[in-house]
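S.K.: Starting off with a structure, shown below.
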Amino acid sequence: MSGEEEENAAELKIGDDFLKAKCLMNCEVSLILEHKYEQLQQMSDDPMNQVSQVFEKSLQYVKRFSRYKNPDAVRQVRDRYQLAEFELCVLGNLCPETVEEAIAMVPSIKTKGRAHDDEAIDKMLNDLSLIKKFE
Amino acid sequence: MCRPRLVATQNKKNNWAVTHQGTHKCLLKPCELGRERAEEENASELGVEQQQGGKRKKMFLKVQLPWNVIIPAENLDAKGLMLQRSIVVCLLDDFAKKQATKDLGYYLAVSTLESIGEGKVRQQTGDVLFPVVFSGITFKIFRGEILEGVVHKVLKHGVLLKCGPIENIYLSSLKMPDYRYVPGENPVFLNDKTSKIGKDVVVRFVVLGTKWLEAEREFQALVSLEGDYLGPSSHVTVRGRISNMIHKCGIMPPLIALLLQGATSLISYPLKLLGWT
């Protein structure tokens, strides 16, 4: 693990352990955890007793902050705009409405020199909001 | 690309796709979440692919972890399925007990068991140790990351927020300079633009730093509102959205409250009639 001083999500610098990890959006985690919870429900009458506190709190959190019901559609957007997984997850979780807001949330979409001009970002945000509307 | 003999078994209750293979280090295609169900129903059709790095990171992470599972001798069973079952049960127990680690964050759930290695008998006890690899979901927050959390305590010098499994996220009043503390039965922080930070309010913040507490196996974080587009979130509730709209139209604050109440009951009433709520 690279020293803690170097970790900085704003610059997309995160420990080595996470190079192999995959980012998930809140809505995806919500799907997984709810599915797990359903399984537990089938097994016992009092599923809340079965799960750890961490699980319970996380489920509560992602249920509240889940923005999409259809993560596959959101992933399509990433493929189209060559977003890093991390960036996609931030956009998908926070749902910025304007280009300025999006850049404030994910500074790296501007700095990485991937020719994302304001217009492209605007189009991307539009796509994301359309997905939300029509799912 | 190697294609080992894939013995995908499925335990209806736990939905494990278990691979058994020789020395090849082949992994199940990481199940894309939406498809998880389908995969479970059709475990034998899972593609096997060599997986190399290139995956990235975020607060909720899907990671692959090596782990050692120790099965007591009495749980050893000649029939393969029962053995796998006890390995899985043991893994789940250990996983839940672990709660969190400094490097990977909070352990939320096991998603798939990727492989079970060769068991090794432990001399003294006769227990068998199985090295396993599985995928799981973890949660870790990083410095510089922008997140949303819910206020659960308002103190004089700042507020405490929770964000998933992390309950101690401190937002100091020094880091929200526009807001001033208003004491009372339900103390809140207010700013000039009638924006309010009180209990149960959703706040968007940037993480300044995190701290791992070894004894409690917990994380703490220090966050700030200094930055663009940070503060109480207006996206999250309909109420927030309406008040935002009204705010833009420039109607007086007391009127807003009245309008809000009217609006929400107007909306919720027909919904109730339709049985939607």
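By order in the structure tokens, chains are A, B, ...; within a chain, residues start at 1; ligands start at 1, following the order shown.
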Give me the residues near Val54 (chain A) as a list in words, where near means some atom within 7 Å (using only C-alpha atoms) and where sequence neighbours in that chain fewer than 6 positions away do not count.
M.R.: Gln99, Leu108 and Pro165 of chain B
S.K.: Please identify the helix (DSSP H, G or I) residues within region 38-87 of chain A (assignment by DSSP from backbone atoms) and present them as a PyMOL selection string.
M.R.: chain A and resi 38-43+47-50+53-65+71-81+85-87
S.K.: For a quick check of understanding, using only C-alpha atoms, which of B:Asp94, B:Glu214, B:Asp127, B:Asp178 has the smallest distance to chain A?
M.R.: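 Between B:Asp94, B:Glu214, B:Asp127, B:Asp178, the residue approaching chain A most closely is B:Asp94.
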S.K.: Within 9 Å of region 77-83 of chain A, counting only C-alpha atoms, which residues show up once you throw out same-chain ones fewer than 4 positions away? Write them as a list of chain:residue names, please.
M.R.: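 Contacts, in chain order: A:Ala73, A:Glu87, A:Leu88, A:Ile109, A:Arg114, A:His116, A:Ala120, A:Ile121, A:Met124, A:Asp127, A:Leu128.
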S.K.: Could you write out, as a ChimeraX atom specification, all the residues of region 106-249 of chain B that DSSP marks as strand (DSSP E or B)?
M.R.: /B:106-116,120-121,128-139,146-155,158-163,166-172,180-182,188-190,196-197,202-213,218-224,231-232
S.K.: State, in Å with one decimal place, the distance from CA of Tyr229 (chain B) to CA of Glu101 (chain A).
M.R.: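 Computed distance, CA of Tyr229 (chain B) to CA of Glu101 (chain A), equals 6.2 Å.
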S.K.: Which is closer to Leu61 (chain B) than all the others in A:Leu40, A:Ala21, A:Cys89, A:Ala104, using only C-alpha atoms?
M.R.: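 Of all the options, A:Ala21 lies closest to Leu61 (chain B).
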S.K.: From the options A:Glu97, A:Cys27, A:Ser58, A:Leu33, which residue's atoms come nearest to chain B, counting only C-alpha atoms?
M.R.: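 Among the listed residues, A:Ser58 lies closest to chain B.
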S.K.: Could you pull the residues within 8 Å of Val90 (chain A), counting only C-alpha atoms, minus those fewer than 6 positions along the same chain, as a PyMOL selection string?
M.R.: (chain A and resi 25+105-106) or (chain B and resi 146)
S.K.: Selected residues, N, CA and C atoms, written as a compact mmCIF listing (two decimals), in the first residue's frame, please.
M.R.:
# COMPACT_ATOMS: atom_id res chain seq x y z
N MET A 25 -21.59 1.58 -7.76
CA MET A 25 -22.44 2.70 -7.39
C MET A 25 -23.38 2.27 -6.28
N MET A 105 -17.44 18.02 -8.78
CA MET A 105 -17.52 16.70 -8.12
C MET A 105 -16.39 15.79 -8.58
N VAL A 106 -16.11 15.81 -9.86
CA VAL A 106 -15.09 14.91 -10.44
C VAL A 106 -14.09 15.73 -11.23
N ILE B 146 -15.94 13.02 -2.71
CA ILE B 146 -17.16 13.74 -2.38
C ILE B 146 -18.28 12.73 -2.17
S.K.: Determine, counting only C-alpha atoms, which protein, DNA and RNA residues have an atom within 12 Å of an atom of region 173-175 of chain B; residues of the same chain fewer than 6 positions away are not included. Present the result as a ChimeraX atom specification.
M.R.: /B:154-160,181-182,188-191,197,205-208,222-227,230-231
S.K.: May I ask which of the residues A:Glu119, A:Leu91, A:Glu38, A:Thr111 is the closest one to Tyr68 (chain A), counting only C-alpha atoms?
M.R.: A:Leu91
S.K.: Mind checking which residues fall within 12 Å of Gln220 (chain B), counting only C-alpha atoms, ignoring those fewer than 2 positions away in the same chain, and posting them as number ranges by chain?
M.R.: B: 102, 105-106, 140-143, 160-163, 165-171, 207-214, 216-218, 222-223
S.K.: Quick check, in Å to one decimal: how far apart do CA of Arg204 (chain B) and CA of Val150 (chain B) lie?
M.R.: 8.9 Å
S.K.: As an exercise, work out the distance from CA of Glu118 (chain B) to CA of Glu74 (chain B) in Å and give it to one decimal place.
M.R.: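 One can read the CA of Glu118 (chain B) to CA of Glu74 (chain B) distance as 18.2 Å.
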S.K.: For chain B, which residue among A:Glu56, A:Glu100, A:Val51, A:Tyr61 is the nearest when counting only C-alpha atoms?
M.R.: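 Checking each candidate against chain B, we get A:Tyr61 as the closest.
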